[in-house]
Protein chains: 2
Amino acid sequence: MTNETDLVLERTLDAPVDLVWEAYTNAEHMKQWFAPKPFELTEMDLDLQPGGIFRIRMTGPDGFDTGHGVPGCVLEVVEQKKLVWTSALGPGYRPNETGEGCESFPFTAVITFADAGSGRTAYKAVALHKDLADKATHEQMGFHDGWGTVAGQLEQYAKSLGIGAA
Amino acid sequence: MTNETDLVLERTLDAPVDLVWEAYTNAEHMKQWFAPKPFELTEMDLDLQPGGIFRIRMTGPDGFDTGHGVPGCVLEVVEQKKLVWTSALGPGYRPNETGEGCESFPFTAVITFADAGSGRTAYKAVALHKDLADKATHEQMGFHDGWGTVAGQLEQYAKSLGIGAA
């Protein structure tokens with residue numbers, strides 16, 4: 001149910017869906033790939049259930065630092081298929097105050113995964129906004145570059161999870 | 001996980017939990033009791049699953065009419081135990097534009113039900129707000145009177161559902 005206020009990134013990742021899911025649902029793993037380099041994810045709280053916390057802290061060049069951030073909320077978890085969280089709500093579904101930067105407008109992330117055969121994963125990330133202005137803000141912040149870079153990092157990281165197991 | 005920005009209404013209803021749940025989860029039933037009389041619920045869309053629509057239209061004395069309203073979103077459905085929806089998101093979890101009146105600020109409703117013995121139901125409605133200002137606005141709109149009246153109507157309506165079945 002995407003519409004004109006959404007931003008969409010689709011990729012086929014060269015890594016199997018179980019490892020992509022593992023990389024995407026564990027805070028310690030996510031610290032390794034969820035921030036587009038040279039940015040770093042220095043903190044992450046993730047409680048993988050509806051109503052659970054989703055909070056990140058990102059730091060980067062020139063003293064960039066999101067601070068402790070406004071915690072978002074996990075909405076839906078479907079094993080190896082779908083993960084939804086939003087910044088419009090905090091843990092326990094409480095409506096959120098807005099923060100700064102990426103937290104200055106509410107958005108919902110709908111991430112879907114599917115087995116694409118030959119050990120690959122169809123990966124789709126959709127960011128839902130309330131209006132075109134918020135979409136434009138998110139786009140100007142570098143959504144496509146940022147989420148695109150991150151998709152590549154996710155692919156590499158998920159692959160690396162398979163090497164130890166092989 | 002309630003806090004100082006919440007509004008809470010608790011009642012023991014003289015109706016069994018299965019009927020209270022039935023009354024609370026069916027749009028046609030809700031039209032009969034969800035608006036505090038003399039207000040009326042003239043329209044209701046309810047898709048009882050996470051991400052589903054929750055939309056009401058209320059009319060009342062002196063031409064009061066909420067219009068078609070900004071659709072909210074169902075977040076959690078636990079049979080006969082818990083129902084959560086929010087106005088901060090619309091169907092499919094899209095962040096919402098704000099509307100008028102009750103829709104001028106986002107809130108999340110967490111409704112819980114429990115068997116209280118002897119055919120009664122422990123009913124708790126919690127409205128979560130982002131800050132004290134929104135809580136105060138909601139309170140001044142008559143949260144306690146309105147939701148209190150509605151709890152009584154729910155009790156009577158749920159009871160009446162049992163009469164046909166008895």
# chains A, B, ... in the order shown; residues from 1 in each chain; ligands from 1
>>> residues_around(residues="Glu4 in chain A", least_positions_apart="3", cutoff="9 Å", atoms="only C-alpha atoms", output="PDB file with N, CA, C and O atoms, in the first residue's frame")
ATOM      1  N   LEU A   7       9.103   6.739   0.330  1.00  0.00           N
ATOM      2  CA  LEU A   7      10.406   6.537  -0.309  1.00  0.00           C
ATOM      3  C   LEU A   7      10.673   5.038  -0.293  1.00  0.00           C
ATOM      4  O   LEU A   7      10.421   4.370   0.715  1.00  0.00           O
ATOM      5  N   ASP A 131       3.243  13.349   4.678  1.00  0.00           N
ATOM      6  CA  ASP A 131       2.973  14.239   3.544  1.00  0.00           C
ATOM      7  C   ASP A 131       4.213  14.374   2.655  1.00  0.00           C
ATOM      8  O   ASP A 131       5.291  13.849   2.966  1.00  0.00           O
ATOM      9  N   LEU A 132       4.034  15.091   1.549  1.00  0.00           N
ATOM     10  CA  LEU A 132       5.122  15.233   0.586  1.00  0.00           C
ATOM     11  C   LEU A 132       6.282  16.055   1.140  1.00  0.00           C
ATOM     12  O   LEU A 132       7.440  15.834   0.774  1.00  0.00           O
ATOM     13  N   LYS A 135       8.460  13.785   3.115  1.00  0.00           N
ATOM     14  CA  LYS A 135       9.163  12.925   2.164  1.00  0.00           C
ATOM     15  C   LYS A 135      10.354  13.668   1.553  1.00  0.00           C
ATOM     16  O   LYS A 135      11.468  13.138   1.462  1.00  0.00           O
TER      17      LYS A 135
END
>>> calpha_fit_and_write(fixed="chain B", moving="chain A", output="PDB file with C-alpha atoms, in the first residue's frame")
ATOM      1  CA  MET A   1       3.777   1.265  31.705  1.00  0.00           C
ATOM      2  CA  THR A   2       1.537   4.240  32.436  1.00  0.00           C
ATOM      3  CA  ASN A   3       3.000   7.624  33.293  1.00  0.00           C
ATOM      4  CA  GLU A   4       1.994  11.174  34.185  1.00  0.00           C
ATOM      5  CA  THR A   5       0.930  12.001  30.614  1.00  0.00           C
ATOM      6  CA  ASP A   6      -1.723   9.247  30.590  1.00  0.00           C
ATOM      7  CA  LEU A   7      -5.427   9.402  31.275  1.00  0.00           C
ATOM      8  CA  VAL A   8      -6.856   6.272  32.845  1.00  0.00           C
ATOM      9  CA  LEU A   9     -10.372   4.955  33.293  1.00  0.00           C
ATOM     10  CA  GLU A  10     -11.000   1.720  35.201  1.00  0.00           C
ATOM     11  CA  ARG A  11     -14.319   0.006  35.784  1.00  0.00           C
ATOM     12  CA  THR A  12     -15.645  -3.385  36.703  1.00  0.00           C
ATOM     13  CA  LEU A  13     -18.393  -4.083  34.204  1.00  0.00           C
ATOM     14  CA  ASP A  14     -21.345  -6.271  35.034  1.00  0.00           C
ATOM     15  CA  ALA A  15     -21.067  -8.287  31.821  1.00  0.00           C
ATOM     16  CA  PRO A  16     -18.887 -11.280  30.877  1.00  0.00           C
ATOM     17  CA  VAL A  17     -15.589 -10.694  29.104  1.00  0.00           C
ATOM     18  CA  ASP A  18     -16.531 -12.580  25.921  1.00  0.00           C
ATOM     19  CA  LEU A  19     -19.535 -10.304  25.346  1.00  0.00           C
ATOM     20  CA  VAL A  20     -17.601  -7.148  26.247  1.00  0.00           C
ATOM     21  CA  TRP A  21     -14.958  -8.193  23.725  1.00  0.00           C
ATOM     22  CA  GLU A  22     -17.611  -8.888  21.104  1.00  0.00           C
ATOM     23  CA  ALA A  23     -19.185  -5.465  21.700  1.00  0.00           C
ATOM     24  CA  TYR A  24     -15.770  -3.795  21.416  1.00  0.00           C
ATOM     25  CA  THR A  25     -14.524  -5.430  18.237  1.00  0.00           C
ATOM     26  CA  ASN A  26     -17.398  -5.201  15.800  1.00  0.00           C
ATOM     27  CA  ALA A  27     -18.124  -1.911  14.050  1.00  0.00           C
ATOM     28  CA  GLU A  28     -21.890  -2.509  13.991  1.00  0.00           C
ATOM     29  CA  HIS A  29     -21.951  -3.139  17.737  1.00  0.00           C
ATOM     30  CA  MET A  30     -19.724  -0.150  18.449  1.00  0.00           C
ATOM     31  CA  LYS A  31     -22.088   2.210  16.682  1.00  0.00           C
ATOM     32  CA  GLN A  32     -24.577   1.384  19.438  1.00  0.00           C
ATOM     33  CA  TRP A  33     -22.456   2.385  22.435  1.00  0.00           C
ATOM     34  CA  PHE A  34     -19.066   3.936  21.562  1.00  0.00           C
ATOM     35  CA  ALA A  35     -20.308   7.554  21.452  1.00  0.00           C
ATOM     36  CA  PRO A  36     -21.456   9.056  24.774  1.00  0.00           C
ATOM     37  CA  LYS A  37     -25.173   9.803  24.360  1.00  0.00           C
ATOM     38  CA  PRO A  38     -26.627  12.101  23.088  1.00  0.00           C
ATOM     39  CA  PHE A  39     -23.694  11.905  20.665  1.00  0.00           C
ATOM     40  CA  GLU A  40     -23.981   9.243  17.992  1.00  0.00           C
ATOM     41  CA  LEU A  41     -21.489   7.165  16.083  1.00  0.00           C
ATOM     42  CA  THR A  42     -22.743   7.423  12.534  1.00  0.00           C
ATOM     43  CA  GLU A  43     -19.790   5.808  10.767  1.00  0.00           C
ATOM     44  CA  MET A  44     -17.156   3.346  11.823  1.00  0.00           C
ATOM     45  CA  ASP A  45     -14.441   1.495   9.916  1.00  0.00           C
ATOM     46  CA  LEU A  46     -12.642  -1.167  11.864  1.00  0.00           C
ATOM     47  CA  ASP A  47     -10.205  -3.709  10.472  1.00  0.00           C
ATOM     48  CA  LEU A  48      -9.252  -5.750  13.494  1.00  0.00           C
ATOM     49  CA  GLN A  49      -5.596  -6.523  12.780  1.00  0.00           C
ATOM     50  CA  PRO A  50      -2.275  -4.722  13.249  1.00  0.00           C
ATOM     51  CA  GLY A  51      -2.070  -2.016  10.593  1.00  0.00           C
ATOM     52  CA  GLY A  52      -5.860  -2.075  10.068  1.00  0.00           C
ATOM     53  CA  ILE A  53      -8.060   1.018   9.928  1.00  0.00           C
ATOM     54  CA  PHE A  54      -9.791   2.512  12.971  1.00  0.00           C
ATOM     55  CA  ARG A  55     -12.051   5.384  11.908  1.00  0.00           C
ATOM     56  CA  ILE A  56     -15.126   6.909  13.491  1.00  0.00           C
ATOM     57  CA  ARG A  57     -17.529   9.708  12.692  1.00  0.00           C
ATOM     58  CA  MET A  58     -19.384  11.216  15.609  1.00  0.00           C
ATOM     59  CA  THR A  59     -22.324  13.596  15.443  1.00  0.00           C
ATOM     60  CA  GLY A  60     -24.186  15.342  18.228  1.00  0.00           C
ATOM     61  CA  PRO A  61     -26.351  18.214  19.421  1.00  0.00           C
ATOM     62  CA  ASP A  62     -26.080  21.672  17.828  1.00  0.00           C
ATOM     63  CA  GLY A  63     -24.753  20.297  14.549  1.00  0.00           C
ATOM     64  CA  PHE A  64     -21.664  18.739  16.092  1.00  0.00           C
ATOM     65  CA  ASP A  65     -20.035  16.537  13.463  1.00  0.00           C
ATOM     66  CA  THR A  66     -16.480  15.245  13.347  1.00  0.00           C
ATOM     67  CA  GLY A  67     -16.765  14.664   9.626  1.00  0.00           C
ATOM     68  CA  HIS A  68     -15.208  11.622   7.997  1.00  0.00           C
ATOM     69  CA  GLY A  69     -12.239  12.062  10.295  1.00  0.00           C
ATOM     70  CA  VAL A  70      -8.601  11.105  10.060  1.00  0.00           C
ATOM     71  CA  PRO A  71      -8.393   7.300  10.087  1.00  0.00           C
ATOM     72  CA  GLY A  72      -6.348   5.819  12.918  1.00  0.00           C
ATOM     73  CA  CYS A  73      -4.567   2.493  13.062  1.00  0.00           C
ATOM     74  CA  VAL A  74      -5.096  -0.734  14.997  1.00  0.00           C
ATOM     75  CA  LEU A  75      -1.818  -1.827  16.638  1.00  0.00           C
ATOM     76  CA  GLU A  76      -2.474  -4.883  18.769  1.00  0.00           C
ATOM     77  CA  VAL A  77      -5.332  -7.356  19.102  1.00  0.00           C
ATOM     78  CA  VAL A  78      -5.207 -10.009  21.824  1.00  0.00           C
ATOM     79  CA  GLU A  79      -8.503 -11.902  21.912  1.00  0.00           C
ATOM     80  CA  GLN A  80     -10.566 -10.985  24.993  1.00  0.00           C
ATOM     81  CA  LYS A  81      -7.517  -9.365  26.601  1.00  0.00           C
ATOM     82  CA  LYS A  82      -6.184  -6.296  24.840  1.00  0.00           C
ATOM     83  CA  LEU A  83      -6.924  -3.871  22.047  1.00  0.00           C
ATOM     84  CA  VAL A  84      -4.591  -1.028  21.072  1.00  0.00           C
ATOM     85  CA  TRP A  85      -5.095   1.631  18.447  1.00  0.00           C
ATOM     86  CA  THR A  86      -3.563   5.021  17.778  1.00  0.00           C
ATOM     87  CA  SER A  87      -4.419   8.253  16.025  1.00  0.00           C
ATOM     88  CA  ALA A  88      -0.694   8.962  15.507  1.00  0.00           C
ATOM     89  CA  LEU A  89      -0.710   6.525  12.594  1.00  0.00           C
ATOM     90  CA  GLY A  90      -3.198   5.753   9.836  1.00  0.00           C
ATOM     91  CA  PRO A  91      -3.935   2.426   8.140  1.00  0.00           C
ATOM     92  CA  GLY A  92      -0.768   0.578   7.151  1.00  0.00           C
ATOM     93  CA  TYR A  93       1.108   2.461   9.917  1.00  0.00           C
ATOM     94  CA  ARG A  94       1.521   5.672   7.899  1.00  0.00           C
ATOM     95  CA  PRO A  95       2.195   8.703  10.163  1.00  0.00           C
ATOM     96  CA  ASN A  96      -0.960  10.794  10.368  1.00  0.00           C
ATOM     97  CA  GLU A  97      -1.693  14.389   9.640  1.00  0.00           C
ATOM     98  CA  THR A  98      -3.494  15.966  12.562  1.00  0.00           C
ATOM     99  CA  GLY A  99      -7.174  16.773  12.260  1.00  0.00           C
ATOM    100  CA  GLU A 100      -9.607  18.700  14.424  1.00  0.00           C
ATOM    101  CA  GLY A 101     -11.008  18.253  17.925  1.00  0.00           C
ATOM    102  CA  CYS A 102     -10.001  14.842  19.278  1.00  0.00           C
ATOM    103  CA  GLU A 103      -7.774  14.450  16.242  1.00  0.00           C
ATOM    104  CA  SER A 104      -5.819  17.670  16.847  1.00  0.00           C
ATOM    105  CA  PHE A 105      -3.295  15.748  18.952  1.00  0.00           C
ATOM    106  CA  PRO A 106      -2.086  12.161  18.651  1.00  0.00           C
ATOM    107  CA  PHE A 107      -3.052   9.633  21.283  1.00  0.00           C
ATOM    108  CA  THR A 108      -2.901   5.885  21.695  1.00  0.00           C
ATOM    109  CA  ALA A 109      -5.683   3.943  23.383  1.00  0.00           C
ATOM    110  CA  VAL A 110      -4.708   0.794  25.275  1.00  0.00           C
ATOM    111  CA  ILE A 111      -7.827  -1.098  26.304  1.00  0.00           C
ATOM    112  CA  THR A 112      -7.491  -4.175  28.482  1.00  0.00           C
ATOM    113  CA  PHE A 113     -10.074  -6.709  29.587  1.00  0.00           C
ATOM    114  CA  ALA A 114      -9.959  -9.461  32.201  1.00  0.00           C
ATOM    115  CA  ASP A 115     -12.446 -11.868  33.690  1.00  0.00           C
ATOM    116  CA  ALA A 116     -13.377 -10.447  37.101  1.00  0.00           C
ATOM    117  CA  GLY A 117     -15.451 -13.483  38.150  1.00  0.00           C
ATOM    118  CA  SER A 118     -19.239 -13.820  38.547  1.00  0.00           C
ATOM    119  CA  GLY A 119     -19.741 -12.834  34.919  1.00  0.00           C
ATOM    120  CA  ARG A 120     -18.039  -9.483  35.365  1.00  0.00           C
ATOM    121  CA  THR A 121     -15.175  -7.842  33.455  1.00  0.00           C
ATOM    122  CA  ALA A 122     -12.261  -5.733  34.673  1.00  0.00           C
ATOM    123  CA  TYR A 123     -12.073  -3.001  32.055  1.00  0.00           C
ATOM    124  CA  LYS A 124      -9.272  -0.483  31.770  1.00  0.00           C
ATOM    125  CA  ALA A 125      -8.871   2.241  29.170  1.00  0.00           C
ATOM    126  CA  VAL A 126      -5.617   4.180  29.051  1.00  0.00           C
ATOM    127  CA  ALA A 127      -5.027   7.117  26.712  1.00  0.00           C
ATOM    128  CA  LEU A 128      -1.314   7.765  26.096  1.00  0.00           C
ATOM    129  CA  HIS A 129      -0.191  11.262  25.122  1.00  0.00           C
ATOM    130  CA  LYS A 130       3.135  12.669  24.076  1.00  0.00           C
ATOM    131  CA  ASP A 131       3.129  15.377  26.746  1.00  0.00           C
ATOM    132  CA  LEU A 132       1.191  16.993  29.572  1.00  0.00           C
ATOM    133  CA  ALA A 133      -0.296  19.653  27.292  1.00  0.00           C
ATOM    134  CA  ASP A 134      -2.022  17.057  25.106  1.00  0.00           C
ATOM    135  CA  LYS A 135      -3.182  15.227  28.195  1.00  0.00           C
ATOM    136  CA  ALA A 136      -4.695  18.461  29.543  1.00  0.00           C
ATOM    137  CA  THR A 137      -6.412  19.150  26.225  1.00  0.00           C
ATOM    138  CA  HIS A 138      -7.904  15.663  26.195  1.00  0.00           C
ATOM    139  CA  GLU A 139      -8.969  15.999  29.822  1.00  0.00           C
ATOM    140  CA  GLN A 140     -10.635  19.356  29.176  1.00  0.00           C
ATOM    141  CA  MET A 141     -12.522  17.807  26.269  1.00  0.00           C
ATOM    142  CA  GLY A 142     -14.201  15.666  28.906  1.00  0.00           C
ATOM    143  CA  PHE A 143     -12.192  12.436  28.839  1.00  0.00           C
ATOM    144  CA  HIS A 144     -13.391  11.196  32.235  1.00  0.00           C
ATOM    145  CA  ASP A 145     -17.073  12.021  31.736  1.00  0.00           C
ATOM    146  CA  GLY A 146     -17.059  10.833  28.140  1.00  0.00           C
ATOM    147  CA  TRP A 147     -15.172   7.581  28.595  1.00  0.00           C
ATOM    148  CA  GLY A 148     -16.998   6.965  31.866  1.00  0.00           C
ATOM    149  CA  THR A 149     -20.404   7.321  30.183  1.00  0.00           C
ATOM    150  CA  VAL A 150     -19.205   5.095  27.376  1.00  0.00           C
ATOM    151  CA  ALA A 151     -18.053   2.404  29.834  1.00  0.00           C
ATOM    152  CA  GLY A 152     -21.596   2.319  31.227  1.00  0.00           C
ATOM    153  CA  GLN A 153     -23.057   2.084  27.732  1.00  0.00           C
ATOM    154  CA  LEU A 154     -20.609  -0.709  26.905  1.00  0.00           C
ATOM    155  CA  GLU A 155     -21.725  -2.601  30.021  1.00  0.00           C
ATOM    156  CA  GLN A 156     -25.410  -2.295  29.102  1.00  0.00           C
ATOM    157  CA  TYR A 157     -24.838  -3.174  25.485  1.00  0.00           C
ATOM    158  CA  ALA A 158     -22.625  -6.205  26.254  1.00  0.00           C
ATOM    159  CA  LYS A 159     -25.257  -7.440  28.720  1.00  0.00           C
ATOM    160  CA  SER A 160     -27.942  -7.118  26.074  1.00  0.00           C
ATOM    161  CA  LEU A 161     -25.883  -9.334  23.736  1.00  0.00           C
ATOM    162  CA  GLY A 162     -26.216 -12.111  26.310  1.00  0.00           C
ATOM    163  CA  ILE A 163     -29.978 -11.913  26.564  1.00  0.00           C
ATOM    164  CA  GLY A 164     -30.674 -13.252  23.080  1.00  0.00           C
ATOM    165  CA  ALA A 165     -28.200 -16.078  23.682  1.00  0.00           C
ATOM    166  CA  ALA A 166     -29.585 -17.068  27.086  1.00  0.00           C
TER     167      ALA A 166
END
>>> select_by_dssp(residues="chain B", states="alpha helix (DSSP H)", output="VMD selection string")
chain B and resid 17 to 24 27 to 33 132 to 140 143 to 165
>>> select_by_dssp(residues="chain A", states="strand (DSSP E or B)", output="PyMOL selection string")
chain A and resi 7-13+40-46+53-59+65+72-78+82-86+89+95+108-117+120-128
